[in-house]
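Undergrad: Quick one: the structure is below, and I'll ask about it shortly.
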Amino acid sequence: MTAVLAIDIGGTKMAAAMVDAEGTVSSYFREPTPRSGNAESLWQRLESVLAKVLADAGVTPDGVGVGCSGPMTWPEGVVAPLNIVAWRDFPLRQRLREMFPNVPVRLHNDAVCVAIGEHWTGAGRGAHNVLGMVVSTGVGGGLLLGGRLIDGASGNAGHIGHVVVDPAGPDCACGGRGCIEAIASGPALVAWAQRQGWRADAEATGVELAADARGGEAIALAAMHRAGTALGIAIASAAHLCDLDTVVVGGGLSQTGALLFDPLERALRRHARMTFTRNVRVVPAQLGQRAGLVGAAALILRAGQYWSQTEEYLEVVQ
Ligand SMILES: [Zn+2]
């Protein structure tokens, strides 16, 4: 039986599990990502999560697949996640190779892994041309065309977060202006809502904003409308550029259902006017927290579709 150790590392959590050939997740463990400490203490925290998974599973993995927050050098897997300050140019893939010297270790952007997971066993299953999006503390994504993952020159194809939807919009952390991430990410949306008079509380998050929207609070509802409209505009552009048939939207905001998806659909239909974009389908993600792990495992288990690099090439670029 094939069993892959899958790892998902982001600003809030370090999760790992075993994933089998059907994409079933077992022996799942997670720890909060430490807010303080250095590169080595963070690595030790990850090692302790992996030890729990391996002890629980009682098998030796046939490969290791990793999704990690970007940016990173890809496919080398030297990571410098914006939301994990202790890791600046941390050789994550190399460290995992030392731990698992006899099996392939493959790493990709966490949003790319979510897109792969949803394509393999989730909401994008059976579709050939899919953009998978994550709308959360940032906005990211991954692109599959003709049923295969598209990497791009640096592994960032499908990163829709910095597609511009309003050139006169708010400044973006990337240095640009009016990117979808500057408008529809959780923190951007909270900042906008607070400027309109929503909770002044400095700790308020997108989760509370979404909850208030579900409760009918007017500013929170307007914030969901703003995010949905911006997402619809970005998706219309992506649909024209890539001739998509399905867009999967995941991340915390996607849990708000029609409050987000109705304005999204209206904006999408207003801007997706070419015949070939009229049938693009936008659906909420299905796998939740498991998507990134399933996608990371697919880098090993479904390499023909989702992994373009050869092991020989990886030896050269080390
Ligand atoms: Zn940007």
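Within each chain, counting starts at residue 1; across the structure tokens, chains are named A, B, ... in the order shown, with ligands numbered 1 upward in that order.
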May I ask you to write as a PDB file with C-alpha atoms, in the first residue's frame all residues lying at most 7 Å from ligand 1, with only C-alpha atoms and all ligand atoms counted?
TA:
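Produced file result_34.pdb, reproduced below:
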```pdb
ATOM      1  CA  GLY A 161      -3.849  37.441  -5.524  1.00  0.00           C
ATOM      2  CA  HIS A 162      -2.085  40.243  -7.353  1.00  0.00           C
ATOM      3  CA  CYS A 172      -1.253  46.273  -1.637  1.00  0.00           C
ATOM      4  CA  ALA A 173       1.452  44.670   0.511  1.00  0.00           C
ATOM      5  CA  CYS A 174       3.206  43.695  -2.738  1.00  0.00           C
ATOM      6  CA  GLY A 175       3.905  47.377  -3.461  1.00  0.00           C
ATOM      7  CA  GLY A 176       1.210  47.605  -6.110  1.00  0.00           C
ATOM      8  CA  ARG A 177      -2.282  48.996  -5.919  1.00  0.00           C
ATOM      9  CA  CYS A 179      -4.808  43.937  -6.295  1.00  0.00           C
ATOM     10  CA  GLU A 181      -5.621  40.644  -2.199  1.00  0.00           C
ATOM     11  CA  ALA A 182      -5.683  44.335  -1.154  1.00  0.00           C
TER      12      ALA A 182
END
```
Undergrad: Taking 5 positions as the minimum chain separation for residues in the same chain, which residues sit within 12 Å of Arg97 in chain A when counting only C-alpha atoms? Answer as a PyMOL selection string.
TA: chain A and resi 63-66+76-77+91-92+102-107+314-315+318
Undergrad: Hey, can you spit out that residue selection with N, CA and C atoms as a short mmCIF file (atom, residue, chain, number, x, y, z; two decimals), in the first residue's frame?
TA:
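Saved the output as part.cif:
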```cif
data_model
loop_
_atom_site.label_atom_id
_atom_site.label_comp_id
_atom_site.auth_asym_id
_atom_site.auth_seq_id
_atom_site.Cartn_x
_atom_site.Cartn_y
_atom_site.Cartn_z
N GLY A 63 6.92 8.59 0.27
CA GLY A 63 7.28 9.89 -0.29
C GLY A 63 6.79 10.96 0.67
N VAL A 64 7.29 12.17 0.47
CA VAL A 64 6.91 13.30 1.32
C VAL A 64 6.47 14.44 0.41
N GLY A 65 5.24 14.90 0.59
CA GLY A 65 4.72 16.04 -0.17
C GLY A 65 4.44 17.20 0.77
N VAL A 66 4.84 18.40 0.37
CA VAL A 66 4.75 19.55 1.26
C VAL A 66 4.10 20.74 0.56
N GLU A 76 13.33 24.12 -5.71
CA GLU A 76 14.33 23.81 -4.68
C GLU A 76 13.74 23.72 -3.29
N GLY A 77 12.69 24.50 -3.02
CA GLY A 77 12.04 24.42 -1.71
C GLY A 77 12.79 25.13 -0.61
N PRO A 91 16.03 26.13 4.24
CA PRO A 91 16.07 25.04 3.24
C PRO A 91 15.15 23.88 3.63
N LEU A 92 13.85 24.14 3.59
CA LEU A 92 12.87 23.17 4.10
C LEU A 92 12.95 21.82 3.39
N ASN A 102 15.56 8.30 1.52
CA ASN A 102 15.35 7.26 0.51
C ASN A 102 14.07 7.42 -0.31
N VAL A 103 13.37 8.51 -0.10
CA VAL A 103 12.10 8.69 -0.83
C VAL A 103 12.06 10.11 -1.42
N PRO A 104 11.23 10.31 -2.46
CA PRO A 104 11.13 11.67 -3.01
C PRO A 104 10.49 12.65 -2.03
N VAL A 105 11.03 13.86 -2.02
CA VAL A 105 10.47 14.94 -1.21
C VAL A 105 10.14 16.09 -2.16
N ARG A 106 8.88 16.46 -2.26
CA ARG A 106 8.46 17.48 -3.21
C ARG A 106 7.66 18.56 -2.51
N LEU A 107 7.92 19.79 -2.90
CA LEU A 107 7.33 20.92 -2.21
C LEU A 107 6.72 21.89 -3.21
N LEU A 314 16.26 18.01 -9.80
CA LEU A 314 16.32 18.49 -8.41
C LEU A 314 17.70 18.27 -7.80
N GLU A 315 18.38 17.20 -8.19
CA GLU A 315 19.74 16.98 -7.68
C GLU A 315 20.66 18.10 -8.16
N GLN A 318 20.07 21.56 -6.30
CA GLN A 318 20.26 21.62 -4.83
C GLN A 318 21.29 22.64 -4.44
#
```
Undergrad: So which residues of range 143-264 of chain A fall under strand (DSSP E or B) by DSSP, listed as a ChimeraX atom specification?
TA: /A:143-145,148-150,164,171,177,179,246-250
Undergrad: Which polymer residues have any atom within 12 Å of an atom of Val79 in chain A, counting only C-alpha atoms, with same-chain residues fewer than 2 positions away left out, as a PyMOL selection string?
TA: chain A and resi 9-10+39+66-77+81-95+107-110
Undergrad: Using only C-alpha atoms, which protein or nucleic acid residues come within 7 Å of range 222-232 of chain A? Drop anything in the same chain fewer than 2 positions from it, and give the result as a list in words.
TA: Val165, Ile180, Ile183, Ala184, Leu189, Ala193, Ala218, Ile219, Ala220, Ala234, Ile235, Ala236, Leu259, Leu260, Phe261, Pro263, Leu264, Glu265, Ala267 and Leu268 of chain A
Undergrad: What's the separation between CA of Val112 in chain A and CA of Ser41 in chain A, in Å to one decimal place?
TA: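 Answer for the CA of Val112 in chain A to CA of Ser41 in chain A separation: 26.5 Å.
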Undergrad: Tell me which protein, DNA and RNA residues are within 6 Å of Asp20 in chain A, counting only C-alpha atoms, leaving out same-chain ones fewer than 4 positions away, and put them as JSON, numbers by chain.
TA: {"A": [2, 3, 24]}
Undergrad: Export, as a PDB file, in the first residue's frame, the selected residues with C-alpha atoms.
TA:
```
ATOM      1  CA  THR A   2       1.252   3.453  -0.897  1.00  0.00           C
ATOM      2  CA  ALA A   3       1.314   5.980   1.918  1.00  0.00           C
ATOM      3  CA  THR A  24      -7.802   9.508   2.032  1.00  0.00           C
TER       4      THR A  24
END
```
Undergrad: I want to know what sits within 7 Å of range 136-146 of chain A, based on only C-alpha atoms, with residues of the same chain fewer than 3 positions away left out; could you give that as a list of chain:residue names?
TA: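 Listing them by chain and then by number gives A:Ala111, A:Val112, A:Ala115, A:His128, A:Asn129, A:Val130, A:Leu131, A:Gly132, A:Met133, A:Leu149, A:Ile150, A:Ala157, A:Gly158, A:His159, A:Ile160, A:Gly161, A:Glu181, A:Ser185, A:Gly186, A:Pro187, A:Gly251, A:Gly252, A:Leu253.
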Undergrad: I need the residues from that last selection saved to file as a tab-separated table (two decimals), in the first residue's frame (with N, CA and C atoms), if you can.
TA:
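again.tsv was written with the following content:
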```tsv
chain	number	residue	atom	x	y	z
A	111	ALA	N	-1.11	27.33	-1.63
A	111	ALA	CA	-2.34	27.56	-2.40
A	111	ALA	C	-2.38	26.67	-3.64
A	112	VAL	N	-1.22	26.39	-4.20
A	112	VAL	CA	-1.16	25.45	-5.34
A	112	VAL	C	-1.60	24.07	-4.86
A	115	ALA	N	-5.31	23.92	-4.59
A	115	ALA	CA	-5.92	23.79	-5.93
A	115	ALA	C	-5.81	22.35	-6.43
A	128	HIS	N	-11.35	19.86	-16.35
A	128	HIS	CA	-10.02	19.85	-16.95
A	128	HIS	C	-9.29	21.18	-16.83
A	129	ASN	N	-10.06	22.26	-16.74
A	129	ASN	CA	-9.44	23.60	-16.75
A	129	ASN	C	-9.94	24.37	-15.54
A	130	VAL	N	-9.12	24.35	-14.49
A	130	VAL	CA	-9.58	24.77	-13.17
A	130	VAL	C	-8.63	25.81	-12.57
A	131	LEU	N	-9.20	26.86	-12.03
A	131	LEU	CA	-8.45	27.75	-11.15
A	131	LEU	C	-8.92	27.46	-9.74
A	132	GLY	N	-8.00	27.09	-8.86
A	132	GLY	CA	-8.34	26.89	-7.45
A	132	GLY	C	-7.86	28.11	-6.69
A	133	MET	N	-8.76	28.74	-5.92
A	133	MET	CA	-8.41	29.97	-5.20
A	133	MET	C	-8.53	29.76	-3.69
A	149	LEU	N	-1.35	20.36	-13.73
A	149	LEU	CA	-0.92	21.57	-13.03
A	149	LEU	C	0.01	22.38	-13.94
A	150	ILE	N	-0.23	23.69	-14.00
A	150	ILE	CA	0.66	24.61	-14.71
A	150	ILE	C	1.53	25.30	-13.66
A	157	ALA	N	2.35	30.21	-11.26
A	157	ALA	CA	1.20	30.34	-12.16
A	157	ALA	C	-0.08	30.13	-11.36
A	158	GLY	N	-1.10	30.93	-11.64
A	158	GLY	CA	-2.36	30.81	-10.92
A	158	GLY	C	-2.44	31.65	-9.66
A	159	HIS	N	-1.36	32.38	-9.34
A	159	HIS	CA	-1.38	33.23	-8.14
A	159	HIS	C	-2.20	34.48	-8.43
A	160	ILE	N	-3.50	34.34	-8.29
A	160	ILE	CA	-4.43	35.39	-8.71
A	160	ILE	C	-4.44	36.57	-7.73
A	161	GLY	N	-3.79	36.42	-6.58
A	161	GLY	CA	-3.85	37.44	-5.52
A	161	GLY	C	-3.44	38.83	-5.96
A	181	GLU	N	-5.98	40.90	-3.60
A	181	GLU	CA	-5.62	40.64	-2.20
A	181	GLU	C	-5.80	41.90	-1.32
A	185	SER	N	-8.92	40.07	0.76
A	185	SER	CA	-8.37	39.21	1.82
A	185	SER	C	-9.06	39.55	3.13
A	186	GLY	N	-9.01	38.64	4.10
A	186	GLY	CA	-9.64	38.89	5.40
A	186	GLY	C	-9.18	40.20	6.03
A	187	PRO	N	-7.86	40.41	6.19
A	187	PRO	CA	-7.39	41.64	6.82
A	187	PRO	C	-7.78	42.90	6.04
A	251	GLY	N	-10.97	28.74	1.45
A	251	GLY	CA	-10.53	29.70	2.47
A	251	GLY	C	-11.71	30.17	3.29
A	252	GLY	N	-11.39	30.86	4.39
A	252	GLY	CA	-12.41	31.24	5.37
A	252	GLY	C	-13.61	31.98	4.77
A	253	LEU	N	-13.36	32.94	3.88
A	253	LEU	CA	-14.47	33.75	3.35
A	253	LEU	C	-15.49	32.91	2.57
```
Undergrad: Quick one: pull the distance between CA of His240 in chain A and CA of Phe276 in chain A, Å, one decimal.
TA: 7.9 Å
Undergrad: Taking only C-alpha atoms into account, name the residue in A:Ser308, A:Phe29, A:Arg302, A:Arg35 that is nearest to Ser48 in chain A.
TA: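 Smallest distance to Ser48 in chain A is found for A:Phe29.
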